[in-house]
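Listing of start-v7.cif; format and content: mmCIF, C-alpha atoms and all ligand atoms.
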data_run
loop_
_atom_site.group_PDB
_atom_site.id
_atom_site.type_symbol
_atom_site.label_atom_id
_atom_site.label_comp_id
_atom_site.auth_asym_id
_atom_site.auth_seq_id
_atom_site.Cartn_x
_atom_site.Cartn_y
_atom_site.Cartn_z
ATOM 1 C CA MET A 1 11.253 12.924 12.441
ATOM 2 C CA THR A 2 10.911 10.144 15.039
ATOM 3 C CA ALA A 3 10.613 6.626 13.653
ATOM 4 C CA LEU A 4 7.648 4.785 15.137
ATOM 5 C CA ALA A 5 8.899 1.481 13.815
ATOM 6 C CA GLU A 6 12.321 0.622 12.523
ATOM 7 C CA LEU A 7 13.906 -2.379 10.883
ATOM 8 C CA ASP A 8 17.681 -2.439 10.828
ATOM 9 C CA ALA A 9 19.371 -4.993 8.550
ATOM 10 C CA VAL A 10 16.601 -7.488 9.212
ATOM 11 C CA THR A 11 16.776 -10.968 7.735
ATOM 12 C CA ARG A 12 13.985 -13.453 8.288
ATOM 13 C CA ARG A 13 14.226 -17.043 7.137
ATOM 14 C CA TYR A 14 11.653 -19.806 7.103
ATOM 15 C CA GLY A 15 13.914 -22.856 7.012
ATOM 16 C CA ASN A 16 16.047 -22.372 3.905
ATOM 17 C CA LEU A 17 13.784 -19.740 2.438
ATOM 18 C CA VAL A 18 14.947 -16.138 2.888
ATOM 19 C CA ALA A 19 11.689 -14.164 3.152
ATOM 20 C CA LEU A 20 13.425 -10.875 4.056
ATOM 21 C CA ASP A 21 17.033 -10.171 3.235
ATOM 22 C CA GLU A 22 18.855 -7.432 5.217
ATOM 23 C CA VAL A 23 15.938 -5.026 5.096
ATOM 24 C CA SER A 24 16.216 -1.582 6.686
ATOM 25 C CA LEU A 25 13.146 0.629 6.841
ATOM 26 C CA ALA A 26 11.861 3.356 9.141
ATOM 27 C CA VAL A 27 8.198 4.238 9.543
ATOM 28 C CA ASP A 28 7.671 7.902 10.385
ATOM 29 C CA GLU A 29 4.991 9.627 12.425
ATOM 30 C CA GLY A 30 1.670 10.616 10.965
ATOM 31 C CA ARG A 31 2.084 9.418 7.395
ATOM 32 C CA ILE A 32 0.693 6.692 5.182
ATOM 33 C CA LEU A 33 3.322 4.301 3.865
ATOM 34 C CA GLY A 34 2.218 2.030 1.035
ATOM 35 C CA LEU A 35 4.016 -1.307 0.936
ATOM 36 C CA LEU A 36 3.941 -2.868 -2.508
ATOM 37 C CA GLY A 37 5.354 -6.065 -3.877
ATOM 38 C CA PRO A 38 4.500 -9.134 -5.906
ATOM 39 C CA ASN A 39 3.053 -12.225 -4.194
ATOM 40 C CA GLY A 40 5.574 -13.755 -1.809
ATOM 41 C CA ALA A 41 7.804 -10.637 -1.777
ATOM 42 C CA GLY A 42 7.892 -10.469 2.029
ATOM 43 C CA LYS A 43 5.305 -7.777 2.903
ATOM 44 C CA THR A 44 3.312 -9.811 5.428
ATOM 45 C CA THR A 45 6.556 -11.066 6.967
ATOM 46 C CA LEU A 46 7.664 -7.453 7.419
ATOM 47 C CA LEU A 47 4.371 -6.468 9.081
ATOM 48 C CA SER A 48 4.449 -9.574 11.306
ATOM 49 C CA LEU A 49 7.929 -8.579 12.512
ATOM 50 C CA VAL A 50 6.759 -5.048 13.364
ATOM 51 C CA ALA A 51 3.706 -6.482 15.151
ATOM 52 C CA GLY A 52 5.926 -8.796 17.227
ATOM 53 C CA LEU A 53 4.249 -11.936 15.862
ATOM 54 C CA ILE A 54 7.571 -13.358 14.657
ATOM 55 C CA ARG A 55 11.221 -12.712 15.440
ATOM 56 C CA PRO A 56 13.913 -11.682 12.980
ATOM 57 C CA THR A 57 16.532 -14.328 12.194
ATOM 58 C CA SER A 58 19.093 -11.503 12.370
ATOM 59 C CA GLY A 59 18.996 -7.723 12.598
ATOM 60 C CA THR A 60 16.798 -5.652 14.911
ATOM 61 C CA VAL A 61 13.178 -4.545 14.853
ATOM 62 C CA ARG A 62 12.003 -1.663 17.013
ATOM 63 C CA LEU A 63 8.458 -0.540 17.727
ATOM 64 C CA PHE A 64 8.193 2.802 19.565
ATOM 65 C CA GLY A 65 11.845 2.280 20.439
ATOM 66 C CA ARG A 66 11.281 -1.132 22.058
ATOM 67 C CA ASP A 67 11.233 -4.795 21.145
ATOM 68 C CA PRO A 68 7.822 -5.400 19.517
ATOM 69 C CA ARG A 69 7.541 -8.731 21.331
ATOM 70 C CA ASP A 70 7.248 -6.713 24.542
ATOM 71 C CA ALA A 71 3.471 -6.258 25.082
ATOM 72 C CA ALA A 72 3.966 -2.719 26.409
ATOM 73 C CA ALA A 73 5.470 -1.705 23.046
ATOM 74 C CA ARG A 74 2.292 -2.795 21.243
ATOM 75 C CA VAL A 75 -0.163 -0.606 23.181
ATOM 76 C CA GLY A 76 0.175 2.126 20.568
ATOM 77 C CA LEU A 77 -0.126 -0.304 17.670
ATOM 78 C CA GLY A 78 -3.293 -1.165 15.755
ATOM 79 C CA THR A 79 -3.553 -4.283 13.610
ATOM 80 C CA THR A 80 -6.406 -6.059 11.882
ATOM 81 C CA PRO A 81 -7.238 -9.442 13.390
ATOM 82 C CA GLN A 82 -7.427 -12.396 11.030
ATOM 83 C CA GLU A 83 -11.066 -12.462 9.952
ATOM 84 C CA THR A 84 -11.320 -16.103 10.913
ATOM 85 C CA ALA A 85 -10.450 -15.022 14.480
ATOM 86 C CA LEU A 86 -13.652 -12.977 14.877
ATOM 87 C CA PRO A 87 -15.816 -14.923 17.345
ATOM 88 C CA ALA A 88 -18.905 -15.891 15.311
ATOM 89 C CA PRO A 89 -21.545 -15.834 18.082
ATOM 90 C CA LEU A 90 -20.568 -12.360 19.354
ATOM 91 C CA LYS A 91 -22.371 -9.296 18.062
ATOM 92 C CA VAL A 92 -20.403 -6.609 16.224
ATOM 93 C CA GLY A 93 -20.894 -4.148 19.114
ATOM 94 C CA GLU A 94 -19.680 -6.754 21.609
ATOM 95 C CA VAL A 95 -16.548 -7.482 19.570
ATOM 96 C CA ILE A 96 -15.727 -3.774 19.384
ATOM 97 C CA ASP A 97 -16.259 -3.457 23.157
ATOM 98 C CA PHE A 98 -14.148 -6.553 23.833
ATOM 99 C CA VAL A 99 -11.180 -5.408 21.740
ATOM 100 C CA GLY A 100 -11.562 -1.791 22.919
ATOM 101 C CA GLY A 101 -11.440 -2.991 26.535
ATOM 102 C CA HIS A 102 -7.755 -3.823 26.083
ATOM 103 C CA PHE A 103 -6.784 -0.190 25.534
ATOM 104 C CA PRO A 104 -6.425 2.605 28.087
ATOM 105 C CA ASP A 105 -8.035 5.223 25.809
ATOM 106 C CA ARG A 106 -10.512 3.769 23.358
ATOM 107 C CA VAL A 107 -12.839 5.156 20.717
ATOM 108 C CA PRO A 108 -16.492 4.767 21.854
ATOM 109 C CA THR A 109 -18.287 1.980 19.992
ATOM 110 C CA ALA A 110 -20.906 4.247 18.397
ATOM 111 C CA GLU A 111 -18.236 6.654 17.157
ATOM 112 C CA LEU A 112 -16.120 3.860 15.639
ATOM 113 C CA ALA A 113 -19.191 2.272 14.037
ATOM 114 C CA ALA A 114 -20.196 5.594 12.472
ATOM 115 C CA GLU A 115 -16.672 6.170 11.135
ATOM 116 C CA PHE A 116 -16.509 2.756 9.449
ATOM 117 C CA GLY A 117 -20.144 2.494 8.305
ATOM 118 C CA LEU A 118 -21.012 -0.239 10.813
ATOM 119 C CA GLU A 119 -23.955 1.435 12.634
ATOM 120 C CA GLU A 120 -26.584 -0.826 11.087
ATOM 121 C CA LEU A 121 -24.585 -3.941 11.982
ATOM 122 C CA LEU A 122 -23.882 -3.389 15.689
ATOM 123 C CA ARG A 123 -26.484 -5.927 16.817
ATOM 124 C CA ARG A 124 -25.620 -8.555 14.179
ATOM 125 C CA GLN A 125 -23.565 -11.624 15.087
ATOM 126 C CA THR A 126 -20.196 -11.479 13.347
ATOM 127 C CA GLY A 127 -20.802 -14.987 11.992
ATOM 128 C CA SER A 128 -23.674 -13.637 9.895
ATOM 129 C CA LEU A 129 -21.692 -10.810 8.271
ATOM 130 C CA SER A 130 -20.788 -10.812 4.584
ATOM 131 C CA GLY A 131 -17.102 -10.993 3.659
ATOM 132 C CA GLY A 132 -17.000 -7.243 2.977
ATOM 133 C CA GLN A 133 -18.745 -6.369 6.248
ATOM 134 C CA ARG A 134 -16.338 -8.596 8.154
ATOM 135 C CA ARG A 135 -13.436 -6.864 6.446
ATOM 136 C CA ARG A 136 -14.766 -3.430 7.451
ATOM 137 C CA LEU A 137 -15.109 -4.599 11.054
ATOM 138 C CA SER A 138 -11.536 -5.967 11.048
ATOM 139 C CA VAL A 139 -10.129 -2.658 9.835
ATOM 140 C CA ALA A 140 -12.262 -0.677 12.310
ATOM 141 C CA LEU A 141 -10.879 -2.811 15.162
ATOM 142 C CA ALA A 142 -7.346 -1.757 14.249
ATOM 143 C CA PHE A 143 -8.303 1.819 15.172
ATOM 144 C CA VAL A 144 -10.329 1.238 18.361
ATOM 145 C CA GLY A 145 -7.402 1.935 20.728
ATOM 146 C CA ARG A 146 -6.457 5.309 19.138
ATOM 147 C CA PRO A 147 -3.174 3.816 17.901
ATOM 148 C CA LYS A 148 -0.175 5.899 16.869
ATOM 149 C CA LEU A 149 0.707 3.310 14.220
ATOM 150 C CA VAL A 150 -1.626 1.010 12.297
ATOM 151 C CA LEU A 151 -0.668 -1.941 10.099
ATOM 152 C CA LEU A 152 -3.225 -2.778 7.407
ATOM 153 C CA ASP A 153 -2.484 -5.888 5.349
ATOM 154 C CA GLU A 154 -4.614 -5.747 2.189
ATOM 155 C CA PRO A 155 -7.488 -3.956 3.952
ATOM 156 C CA THR A 156 -9.888 -3.742 1.011
ATOM 157 C CA THR A 157 -9.407 -7.088 -0.737
ATOM 158 C CA GLY A 158 -12.838 -8.398 -1.665
ATOM 159 C CA LEU A 159 -14.635 -5.098 -1.001
ATOM 160 C CA ASP A 160 -16.928 -3.564 -3.608
ATOM 161 C CA VAL A 161 -16.159 -0.076 -4.932
ATOM 162 C CA ASP A 162 -18.448 1.579 -2.387
ATOM 163 C CA GLY A 163 -16.972 -0.334 0.543
ATOM 164 C CA ARG A 164 -13.488 0.509 -0.628
ATOM 165 C CA HIS A 165 -14.272 4.226 -0.739
ATOM 166 C CA VAL A 166 -15.829 4.139 2.762
ATOM 167 C CA LEU A 167 -12.591 2.607 4.066
ATOM 168 C CA TRP A 168 -10.341 5.000 2.161
ATOM 169 C CA GLY A 169 -12.267 7.939 3.676
ATOM 170 C CA ALA A 170 -11.984 6.476 7.178
ATOM 171 C CA ILE A 171 -8.263 5.691 6.758
ATOM 172 C CA ARG A 172 -7.563 9.238 5.541
ATOM 173 C CA ARG A 173 -9.444 10.777 8.479
ATOM 174 C CA GLN A 174 -7.472 8.585 10.905
ATOM 175 C CA ARG A 175 -4.266 9.791 9.332
ATOM 176 C CA GLU A 176 -5.437 13.415 9.645
ATOM 177 C CA ALA A 177 -6.157 12.708 13.309
ATOM 178 C CA GLY A 178 -2.475 11.772 13.690
ATOM 179 C CA ALA A 179 -2.175 8.012 13.099
ATOM 180 C CA ALA A 180 0.674 6.709 10.962
ATOM 181 C CA ILE A 181 -0.448 3.862 8.725
ATOM 182 C CA VAL A 182 1.400 1.147 6.840
ATOM 183 C CA VAL A 183 -0.824 -0.379 4.200
ATOM 184 C CA THR A 184 -0.166 -3.220 1.777
ATOM 185 C CA SER A 185 -2.334 -3.705 -1.261
ATOM 186 C CA HIS A 186 -2.300 -5.299 -4.665
ATOM 187 C CA TYR A 187 -4.606 -2.487 -5.822
ATOM 188 C CA LEU A 188 -2.100 0.046 -7.094
ATOM 189 C CA GLU A 189 -4.779 2.713 -7.405
ATOM 190 C CA GLU A 190 -5.473 2.221 -3.704
ATOM 191 C CA ILE A 191 -1.870 2.971 -2.796
ATOM 192 C CA GLU A 192 -1.879 5.888 -5.234
ATOM 193 C CA ALA A 193 -5.025 7.260 -3.562
ATOM 194 C CA LEU A 194 -3.825 6.820 0.029
ATOM 195 C CA ALA A 195 -0.065 6.710 0.399
ATOM 196 C CA GLU A 196 2.368 9.588 0.716
ATOM 197 C CA ARG A 197 5.375 7.320 0.725
ATOM 198 C CA VAL A 198 5.841 4.034 -1.092
ATOM 199 C CA ALA A 199 8.240 1.160 -0.467
ATOM 200 C CA VAL A 200 8.463 -1.606 -3.049
ATOM 201 C CA VAL A 201 9.530 -5.028 -1.772
ATOM 202 C CA THR A 202 10.730 -7.646 -4.238
ATOM 203 C CA GLY A 203 12.358 -10.950 -3.384
ATOM 204 C CA GLY A 204 12.750 -9.979 0.282
ATOM 205 C CA ARG A 205 14.518 -6.688 -0.415
ATOM 206 C CA ILE A 206 13.458 -3.051 -0.632
ATOM 207 C CA ALA A 207 13.732 -2.269 -4.351
ATOM 208 C CA ALA A 208 12.500 1.335 -4.043
ATOM 209 C CA ASP A 209 11.523 3.621 -1.174
ATOM 210 C CA GLY A 210 10.476 7.250 -1.489
ATOM 211 C CA GLU A 211 7.735 9.825 -1.868
ATOM 212 C CA LEU A 212 4.887 8.595 -4.064
ATOM 213 C CA ALA A 213 5.459 11.410 -6.572
ATOM 214 C CA THR A 214 9.206 10.696 -6.724
ATOM 215 C CA ILE A 215 8.685 6.972 -7.266
ATOM 216 C CA ILE A 216 6.366 7.762 -10.179
ATOM 217 C CA ALA A 217 8.655 10.467 -11.585
ATOM 218 C CA ASN A 218 11.678 8.142 -11.329
ATOM 219 C CA ALA A 219 9.879 5.619 -13.505
ATOM 220 C CA GLY A 220 10.776 8.198 -16.131
ATOM 221 C CA THR A 221 8.384 7.239 -18.828
ATOM 222 C CA ARG A 222 5.759 9.705 -19.935
ATOM 223 C CA TRP A 223 3.090 9.058 -22.464
ATOM 224 C CA ALA A 224 1.686 11.043 -25.372
ATOM 225 C CA SER A 225 -1.264 10.490 -27.637
ATOM 226 C CA LEU A 226 -2.170 12.482 -30.727
ATOM 227 C CA THR A 227 -3.786 12.295 -34.135
ATOM 228 C CA SER A 228 -1.641 12.812 -37.217
ATOM 229 C CA ALA A 229 -1.826 12.288 -40.984
ATOM 230 C CA ALA A 230 1.840 11.163 -40.776
ATOM 231 C CA PRO A 231 1.772 8.715 -37.841
ATOM 232 C CA ASP A 232 4.893 6.779 -38.876
ATOM 233 C CA ARG A 233 6.990 9.931 -39.085
ATOM 234 C CA VAL A 234 5.729 11.120 -35.686
ATOM 235 C CA ALA A 235 6.675 7.736 -34.199
ATOM 236 C CA ALA A 236 10.182 8.105 -35.661
ATOM 237 C CA LEU A 237 10.862 11.451 -33.904
ATOM 238 C CA PRO A 238 13.595 11.733 -31.261
ATOM 239 C CA GLU A 239 12.700 10.806 -27.641
ATOM 240 C CA VAL A 240 10.093 8.221 -28.715
ATOM 241 C CA ALA A 241 10.751 4.997 -26.786
ATOM 242 C CA GLY A 242 7.831 3.024 -28.168
ATOM 243 C CA SER A 243 4.732 3.541 -30.285
ATOM 244 C CA ARG A 244 1.359 2.086 -31.135
ATOM 245 C CA ILE A 245 -0.336 3.294 -34.310
ATOM 246 C CA ASP A 246 -4.018 2.769 -35.052
ATOM 247 C CA GLY A 247 -5.022 4.566 -38.295
ATOM 248 C CA ASP A 248 -4.158 8.194 -37.670
ATOM 249 C CA HIS A 249 -4.114 7.755 -33.878
ATOM 250 C CA VAL A 250 -0.672 7.463 -32.269
ATOM 251 C CA GLU A 251 0.183 6.404 -28.689
ATOM 252 C CA LEU A 252 3.799 7.022 -27.683
ATOM 253 C CA SER A 253 5.966 6.283 -24.680
ATOM 254 C CA LEU A 254 8.652 8.951 -24.295
ATOM 255 C CA HIS A 255 12.108 9.297 -22.778
ATOM 256 C CA ASP A 256 11.883 13.090 -22.369
ATOM 257 C CA ALA A 257 8.439 14.564 -22.930
ATOM 258 C CA ASP A 258 9.595 18.215 -23.197
ATOM 259 C CA ALA A 259 12.252 17.386 -25.784
ATOM 260 C CA PHE A 260 9.704 15.336 -27.733
ATOM 261 C CA VAL A 261 7.237 18.241 -27.883
ATOM 262 C CA ARG A 262 9.998 20.542 -29.145
ATOM 263 C CA ALA A 263 10.965 17.979 -31.804
ATOM 264 C CA LEU A 264 7.328 17.505 -32.829
ATOM 265 C CA VAL A 265 6.748 21.229 -33.299
ATOM 266 C CA ALA A 266 10.097 21.704 -35.089
ATOM 267 C CA SER A 267 9.285 18.826 -37.464
ATOM 268 C CA ALA A 268 6.229 20.721 -38.791
ATOM 269 C CA LEU A 269 4.431 17.365 -39.048
ATOM 270 C CA PRO A 270 0.641 17.739 -38.889
ATOM 271 C CA PHE A 271 -0.946 16.814 -35.545
ATOM 272 C CA THR A 272 -4.004 17.537 -33.404
ATOM 273 C CA GLY A 273 -5.223 16.574 -29.940
ATOM 274 C CA LEU A 274 -1.807 16.165 -28.300
ATOM 275 C CA GLN A 275 -2.165 14.814 -24.756
ATOM 276 C CA LEU A 276 0.678 14.065 -22.344
ATOM 277 C CA ARG A 277 0.491 12.069 -19.152
ATOM 278 C CA SER A 278 2.909 10.796 -16.492
ATOM 279 C CA ALA A 279 3.423 7.169 -15.666
ATOM 280 C CA THR A 280 0.899 5.723 -13.227
ATOM 281 C CA LEU A 281 2.053 4.038 -10.020
ATOM 282 C CA GLU A 282 1.195 0.731 -11.685
ATOM 283 C CA GLU A 283 3.578 1.454 -14.572
ATOM 284 C CA ALA A 284 6.276 2.620 -12.137
ATOM 285 C CA PHE A 285 5.758 -0.511 -10.006
ATOM 286 C CA LEU A 286 6.011 -2.847 -12.990
ATOM 287 C CA SER A 287 9.217 -1.187 -14.145
ATOM 288 C CA ILE A 288 10.769 -1.379 -10.629
ATOM 289 C CA VAL A 289 9.860 -5.072 -10.351
ATOM 290 C CA LYS A 290 11.236 -5.760 -13.833
ATOM 291 C CA GLU A 291 14.493 -3.919 -13.104
ATOM 292 C CA SER A 292 15.004 -5.649 -9.765
ATOM 293 C CA ALA A 293 14.431 -9.056 -11.390
ATOM 294 C CA ALA A 294 17.064 -8.175 -13.977
HETATM 295 N N1 LIG B 301 5.154 -19.498 8.053
HETATM 296 C C1 LIG B 301 5.858 -19.658 6.944
HETATM 297 N N2 LIG B 301 6.550 -20.769 6.681
HETATM 298 C C2 LIG B 301 7.273 -20.926 5.578
HETATM 299 N N3 LIG B 301 7.378 -19.992 4.599
HETATM 300 C C3 LIG B 301 6.694 -18.850 4.770
HETATM 301 C C4 LIG B 301 5.899 -18.624 5.936
HETATM 302 N N4 LIG B 301 5.344 -17.391 5.827
HETATM 303 C C5 LIG B 301 5.762 -16.887 4.654
HETATM 304 N N5 LIG B 301 6.567 -17.755 4.016
HETATM 305 C C6 LIG B 301 7.246 -17.529 2.720
HETATM 306 O O1 LIG B 301 7.976 -16.310 2.817
HETATM 307 C C7 LIG B 301 7.891 -15.571 1.611
HETATM 308 C C8 LIG B 301 7.313 -14.201 1.895
HETATM 309 O O2 LIG B 301 5.957 -14.361 2.264
HETATM 310 P P1 LIG B 301 5.024 -13.135 2.671
HETATM 311 O O3 LIG B 301 3.726 -13.716 3.113
HETATM 312 O O4 LIG B 301 5.744 -12.245 3.603
HETATM 313 O O5 LIG B 301 4.851 -12.405 1.255
HETATM 314 P P2 LIG B 301 3.835 -11.267 0.806
HETATM 315 O O6 LIG B 301 4.654 -10.223 0.141
HETATM 316 O O7 LIG B 301 2.989 -10.842 1.970
HETATM 317 O O8 LIG B 301 2.965 -12.047 -0.249
HETATM 318 P P3 LIG B 301 1.425 -11.854 -0.751
HETATM 319 O O9 LIG B 301 1.380 -10.609 -1.561
HETATM 320 O O10 LIG B 301 1.232 -13.073 -1.571
HETATM 321 O O11 LIG B 301 0.572 -11.809 0.491
HETATM 322 C C9 LIG B 301 7.049 -16.415 0.671
HETATM 323 O O12 LIG B 301 7.908 -17.164 -0.161
HETATM 324 C C10 LIG B 301 6.265 -17.328 1.596
HETATM 325 O O13 LIG B 301 5.927 -18.535 0.963
#
Written as structure tokens, how would this file's structure read?
Amino acid sequence: MTALAELDAVTRRYGNLVALDEVSLAVDEGRILGLLGPNGAGKTTLLSLVAGLIRPTSGTVRLFGRDPRDAAARVGLGTTPQETALPAPLKVGEVIDFVGGHFPDRVPTAELAAEFGLEELLRRQTGSLSGGQRRRLSVALAFVGRPKLVLLDEPTTGLDVDGRHVLWGAIRRQREAGAAIVVTSHYLEEIEALAERVAVVTGGRIAADGELATIIANAGTRWASLTSAAPDRVAALPEVAGSRIDGDHVELSLHDADAFVRALVASALPFTGLQLRSATLEEAFLSIVKESAA
């Protein structure tokens, strides 16, 4: 697979502060990469390097095989403008036309507006838009030039549930049309819904990088809940890592779910309503962050 963007041993300092520390990462064609990390982990710094807004202190950044500070390299790149940079007196349709005018092959305004639920707003001045509407316009603008790679930094922060789902639908369709997307979000369910690959950044380093399913599976923990007349004895079975007992209801975290089920059946303890579930991305994320801090 060809890497659209590549960081090789990239360090970025702000004065004495090391925001990124020897980070290597490749962004592949036509996929959605979710970039996760606690506040201040270095996600925006990483995206700014790929977008050519800042230079690495050391290491190399490549965008479509070139230096991202070279304007020609950025033709195939879509980014969301800072919302404060939207010119307030211009109408939504005019802003889309203005930004689209910078690209050789652009999505027609009406088509882009329909895709991002902006049809009713085309004649409104951007200064009069609500925060959520402004956010939708910003994300739409990232796609106006039919980019091969799009960087979305917290695209749905502040959006209501409906607005979030409109954007998720649009982002997925853009990916199906061939765009690769890097998205950061503090909404773990957003990354779980959109991303195929996940990279976790903590303290300026990549703490985990892999397929979404693998990242979750590697978190290891699985969960069981059941009802039993002998809750304490169930909680003392092998493979139980932790338990919460409420009357006859038992919630368990497990090392090995299959071995636990075998032990439960072999124990002949009474139980009903056994349910097993995997870790969520949120649980996997918290355990990766905790481990990397340790
Ligand atoms: N222009 C700057 N000058 C000085 N320090 C900066 C600058 N930009 C970022 N930093 C610092 O670099 C570190 C990484 O910041 P960055 O914005 O990349 O993190 P982030 O993962 O995007 O965080 P968040 O989730 O809070 O948006 C932080 O400690 C931040 O304070």
Evaluating the PyMOL selection byres (((chain A and resi 146) around 7) and not hetatm) on the displayed file yields which residues, as a PDB file with C-alpha atoms, in the coordinates of the input?
ATOM      1  CA  ASP A 105      -8.035   5.223  25.809  1.00  0.00           C
ATOM      2  CA  ARG A 106     -10.512   3.769  23.358  1.00  0.00           C
ATOM      3  CA  VAL A 107     -12.839   5.156  20.717  1.00  0.00           C
ATOM      4  CA  PHE A 143      -8.303   1.819  15.172  1.00  0.00           C
ATOM      5  CA  VAL A 144     -10.329   1.238  18.361  1.00  0.00           C
ATOM      6  CA  GLY A 145      -7.402   1.935  20.728  1.00  0.00           C
ATOM      7  CA  PRO A 147      -3.174   3.816  17.901  1.00  0.00           C
ATOM      8  CA  LYS A 148      -0.175   5.899  16.869  1.00  0.00           C
TER       9      LYS A 148
END
Contacts with ligand LIG 301 (chain B) at most 10 Å, all atoms listed in the file counted, listed as a PyMOL selection string: chain A and resi 12-20+35-49+54+153-154+184-186+200-204
Selection dump of the PyMOL selection byres (((chain A and resi 222) around 6) and not hetatm), as number ranges by chain: A: 221, 223, 253-254, 277-279
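Using all atoms listed in the file, the smallest distance between any of A:Ala193, A:Val182, A:Ile96, A:Val27 and A:Leu141 comes from A:Ile96.
Nearest-residue note for A:Ala72: choosing from A:His102, A:Arg262, A:His165, A:His249, the minimum distance belongs to A:His102, counting all atoms listed in the file.
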Selection dump of the PyMOL selection byres (((chain A and resi 181) around 6) and not hetatm), as a count of residues only: 6
Selection: 12 Å around A:Asp246, all atoms listed in the file, excl. self and same-chain fewer than 5 positions, as an MDAnalysis selection string: chainID A and resid 225:232 235 251:252
Interatomic distance (Å, one decimal) between atom CA of A:Phe285 and atom CA of A:Val161: 22.5 Å
Point-to-point distance in Å for atom CA of A:Pro81 and atom CA of A:Asp67: 20.6 Å
For A:Pro56, the nearest of the candidates A:Gly30, A:Thr80, A:Val261, A:Val23, counting only C-alpha atoms: A:Val23
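For the choices A:Ala263, A:Val92, A:Ile191, A:Ile216, the atom-to-atom distance to A:Gly34 is smallest for A:Ile191 when using all atoms listed in the file.
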Protein, DNA and RNA residues within 12 Å of (-24.6, -7.7, 12.7), only C-alpha atoms, as a count of residues only: 28
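Atom CA of A:Phe260 is positioned 25.1 Å from atom CA of A:Leu212.
When all atoms listed in the file are used to measure the gap to A:Ala3, the shortest distance among A:Ile215, A:Leu33, A:Ala259, A:Leu25 belongs to A:Leu25.
For the choices A:Phe116, A:Val183, A:Ile206, A:Gly273, the atom-to-atom distance to A:Val166 is smallest for A:Phe116 when using all atoms listed in the file.
Omitting A:Ala213 and its sequence neighbours fewer than 3 positions away, and counting all atoms listed in the file, the residues within 10 Å are A:Glu192, A:Glu196, A:Arg197, A:Val198, A:Gly210, A:Ile216, A:Ala217, A:Asn218, A:Thr280, A:Leu281.
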For stretch 60-73 of chain A, supply N, CA and C atoms and format the output as a PDB file, in the frame of the given file.
ATOM      1  N   THR A  60      17.668  -6.074  13.806  1.00  0.00           N
ATOM      2  CA  THR A  60      16.798  -5.652  14.911  1.00  0.00           C
ATOM      3  C   THR A  60      15.547  -4.954  14.394  1.00  0.00           C
ATOM      4  N   VAL A  61      14.452  -5.205  15.130  1.00  0.00           N
ATOM      5  CA  VAL A  61      13.178  -4.545  14.853  1.00  0.00           C
ATOM      6  C   VAL A  61      12.820  -3.755  16.102  1.00  0.00           C
ATOM      7  N   ARG A  62      12.403  -2.507  15.900  1.00  0.00           N
ATOM      8  CA  ARG A  62      12.003  -1.663  17.013  1.00  0.00           C
ATOM      9  C   ARG A  62      10.606  -1.134  16.762  1.00  0.00           C
ATOM     10  N   LEU A  63       9.791  -1.125  17.808  1.00  0.00           N
ATOM     11  CA  LEU A  63       8.458  -0.540  17.727  1.00  0.00           C
ATOM     12  C   LEU A  63       8.382   0.461  18.875  1.00  0.00           C
ATOM     13  N   PHE A  64       8.164   1.722  18.569  1.00  0.00           N
ATOM     14  CA  PHE A  64       8.193   2.802  19.565  1.00  0.00           C
ATOM     15  C   PHE A  64       9.462   2.682  20.422  1.00  0.00           C
ATOM     16  N   GLY A  65      10.551   2.329  19.759  1.00  0.00           N
ATOM     17  CA  GLY A  65      11.845   2.280  20.439  1.00  0.00           C
ATOM     18  C   GLY A  65      12.089   1.022  21.261  1.00  0.00           C
ATOM     19  N   ARG A  66      11.117   0.072  21.244  1.00  0.00           N
ATOM     20  CA  ARG A  66      11.281  -1.132  22.058  1.00  0.00           C
ATOM     21  C   ARG A  66      11.158  -2.382  21.200  1.00  0.00           C
ATOM     22  N   ASP A  67      11.417  -3.518  21.825  1.00  0.00           N
ATOM     23  CA  ASP A  67      11.233  -4.795  21.145  1.00  0.00           C
ATOM     24  C   ASP A  67       9.726  -5.026  20.956  1.00  0.00           C
ATOM     25  N   PRO A  68       9.267  -5.242  19.717  1.00  0.00           N
ATOM     26  CA  PRO A  68       7.822  -5.400  19.517  1.00  0.00           C
ATOM     27  C   PRO A  68       7.237  -6.639  20.180  1.00  0.00           C
ATOM     28  N   ARG A  69       8.069  -7.555  20.638  1.00  0.00           N
ATOM     29  CA  ARG A  69       7.541  -8.731  21.331  1.00  0.00           C
ATOM     30  C   ARG A  69       7.171  -8.410  22.783  1.00  0.00           C
ATOM     31  N   ASP A  70       7.600  -7.215  23.228  1.00  0.00           N
ATOM     32  CA  ASP A  70       7.248  -6.713  24.542  1.00  0.00           C
ATOM     33  C   ASP A  70       5.832  -6.113  24.440  1.00  0.00           C
ATOM     34  N   ALA A  71       4.884  -6.669  25.214  1.00  0.00           N
ATOM     35  CA  ALA A  71       3.471  -6.258  25.082  1.00  0.00           C
ATOM     36  C   ALA A  71       3.298  -4.756  25.272  1.00  0.00           C
ATOM     37  N   ALA A  72       4.099  -4.156  26.136  1.00  0.00           N
ATOM     38  CA  ALA A  72       3.966  -2.719  26.409  1.00  0.00           C
ATOM     39  C   ALA A  72       4.268  -1.895  25.151  1.00  0.00           C
ATOM     40  N   ALA A  73       5.136  -2.429  24.274  1.00  0.00           N
ATOM     41  CA  ALA A  73       5.470  -1.705  23.046  1.00  0.00           C
ATOM     42  C   ALA A  73       4.276  -1.668  22.096  1.00  0.00           C
TER      43      ALA A  73
END
